[in-house]
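Trainee: Structure: final14.txt, compact mmCIF, C-alpha atoms.
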```
# COMPACT_ATOMS: atom_id res chain seq x y z
CA MET X 1 94.92 25.21 -12.54
CA LYS X 2 93.33 27.39 -9.86
CA GLU X 3 94.48 26.82 -6.27
CA ILE X 4 91.65 26.02 -3.87
CA LYS X 5 91.92 27.95 -0.61
CA LYS X 6 90.96 26.08 2.54
CA ARG X 7 88.63 27.61 5.09
CA THR X 8 90.38 28.51 8.33
CA LEU X 9 89.34 29.44 11.84
CA TYR X 10 91.01 32.81 11.26
CA GLU X 11 88.14 33.60 8.86
CA CYS X 12 85.16 32.03 10.64
CA ALA X 13 82.71 34.16 12.62
CA HIS X 14 81.86 31.19 14.85
CA ALA X 15 85.38 30.50 16.18
CA ARG X 16 85.68 31.46 19.86
CA VAL X 17 88.39 31.35 22.51
CA LYS X 18 87.66 30.42 26.10
CA GLY X 19 90.51 29.89 28.52
CA GLU X 20 93.11 27.79 26.75
CA ASN X 21 90.81 26.46 24.01
CA ILE X 22 89.42 27.46 20.62
CA TYR X 23 85.96 26.09 19.95
CA CYS X 24 83.07 26.44 17.50
CA ARG X 25 80.15 28.53 18.75
CA LYS X 26 77.84 26.36 16.61
CA GLY X 27 78.95 23.24 18.50
CA TYR X 28 80.96 21.48 15.79
CA GLN X 29 84.03 19.51 16.81
CA LEU X 30 87.11 21.13 15.33
CA TYR X 31 89.59 18.44 16.21
CA MET X 32 88.57 14.81 15.79
CA ARG X 33 91.14 13.26 18.11
CA PRO X 34 89.99 12.05 21.54
CA GLY X 35 88.86 14.91 23.73
CA ASN X 36 86.23 17.61 23.59
CA GLY X 37 86.80 18.65 19.96
CA HIS X 38 88.42 21.92 20.96
CA VAL X 39 91.84 23.15 19.81
CA ASP X 40 94.58 24.33 22.16
CA ILE X 41 95.14 28.09 21.95
CA SER X 42 98.90 27.54 21.66
CA ARG X 43 98.35 26.75 17.96
CA LEU X 44 96.85 30.22 17.50
CA ALA X 45 99.66 31.82 19.52
CA ARG X 46 102.29 30.20 17.28
CA GLY X 47 100.41 31.24 14.14
CA GLN X 48 99.87 27.70 12.93
CA ARG X 49 97.51 26.89 10.09
CA LEU X 50 93.98 26.40 11.47
CA ALA X 51 92.25 24.71 8.51
CA PHE X 52 90.41 21.73 9.95
CA LYS X 53 88.56 19.07 7.99
CA SER X 54 85.33 19.77 9.86
CA CYS X 55 85.35 23.39 8.62
CA GLN X 56 85.80 22.62 4.92
CA ASP X 57 82.23 21.45 4.24
CA CYS X 58 80.54 23.20 7.17
CA LEU X 59 77.12 24.56 6.22
CA ASP X 60 77.35 27.17 8.99
CA PHE X 61 80.77 28.56 7.98
CA ASP X 62 80.41 32.33 8.00
CA ARG X 63 83.42 34.13 6.56
CA ILE X 64 84.20 37.40 8.36
CA GLY X 65 86.93 38.56 6.05
CA PRO X 66 89.81 37.54 3.83
CA PRO X 67 92.34 34.89 4.90
CA VAL X 68 94.97 36.07 7.36
CA LEU X 69 98.43 36.00 5.82
CA PRO X 70 100.88 33.60 7.49
CA GLU X 71 103.20 36.45 8.48
CA ASP X 72 100.32 38.18 10.32
CA ARG X 73 99.33 35.14 12.38
CA GLY X 74 100.27 34.47 15.98
CA TRP X 75 102.05 36.51 18.58
CA ILE X 76 104.83 34.06 19.49
CA LYS X 77 107.45 34.40 16.80
CA LYS X 78 110.29 31.98 16.17
CA GLU X 79 113.74 33.35 16.79
CA VAL X 80 115.69 34.16 13.64
CA LYS X 81 119.31 32.96 13.81
```
What does this structure look like when you write it as structure tokens?
Mentor:
Amino acid sequence: MKEIKKRTLYECAHARVKGENIYCRKGYQLYMRPGNGHVDISRLARGQRLAFKSCQDCLDFDRIGPPVLPEDRGWIKKEVK
């Protein structure tokens, strides 16, 4: 059975960062919990998975390249003991 890859903000041409938030340039809410629909940039810094439900069926999703490998994500790395 073929694995279905989820769309991520790492691949979307409409993902933008402003201050401490990641948002959609097209105006879609990324995060459905109470708030402004933006995502805290700390998730990007830690290299967390950024595949939100709102992106999966988005008609405006515009892929800018292949998925970013987990080991290439983020700039805050966990300490190896």
Trainee: Taking (87.7, 39.8, 7.2) as a centre in this file's frame and 10 Å as the limit, can you find every polymer residue with an atom that close, using only C-alpha atoms, and give them as number ranges by chain?
Mentor: X: 10-13, 63-68
Trainee: Include C-alpha atoms and write out the residues we just selected as a PDB file, in the coordinates of the input.
Mentor:
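Written out: out22.pdb:
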```
ATOM      1  CA  TYR X  10      91.010  32.810  11.260  1.00  0.00           C
ATOM      2  CA  GLU X  11      88.140  33.600   8.860  1.00  0.00           C
ATOM      3  CA  CYS X  12      85.160  32.030  10.640  1.00  0.00           C
ATOM      4  CA  ALA X  13      82.710  34.160  12.620  1.00  0.00           C
ATOM      5  CA  ARG X  63      83.420  34.130   6.560  1.00  0.00           C
ATOM      6  CA  ILE X  64      84.200  37.400   8.360  1.00  0.00           C
ATOM      7  CA  GLY X  65      86.930  38.560   6.050  1.00  0.00           C
ATOM      8  CA  PRO X  66      89.810  37.540   3.830  1.00  0.00           C
ATOM      9  CA  PRO X  67      92.340  34.890   4.900  1.00  0.00           C
ATOM     10  CA  VAL X  68      94.970  36.070   7.360  1.00  0.00           C
TER      11      VAL X  68
END
```
Trainee: Write out as a PyMOL selection string each polymer residue whose atoms come within 12 Å of segment 28-37 of chain X, counting only C-alpha atoms; drop sequence neighbours fewer than 4 positions from it.
Mentor: chain X and resi 8-9+14-16+21-24+50-61
Trainee: Grab the atom CA of Leu69 of chain X to atom CA of Lys26 of chain X distance for me, in Å with one decimal place.
Mentor: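 Spanning atom CA of Leu69 of chain X to atom CA of Lys26 of chain X is a straight-line distance of 25.2 Å.
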Trainee: Can you list, as number ranges by chain, every protein, DNA or RNA residue that comes within 9 Å of Ile76 of chain X when you count only C-alpha atoms, leaving out same-chain residues fewer than 3 positions away?
Mentor: X: 45-47
Trainee: Mind pulling up the distance from atom CA of Trp75 of chain X to atom CA of Leu44 of chain X?
Mentor: 8.2 Å
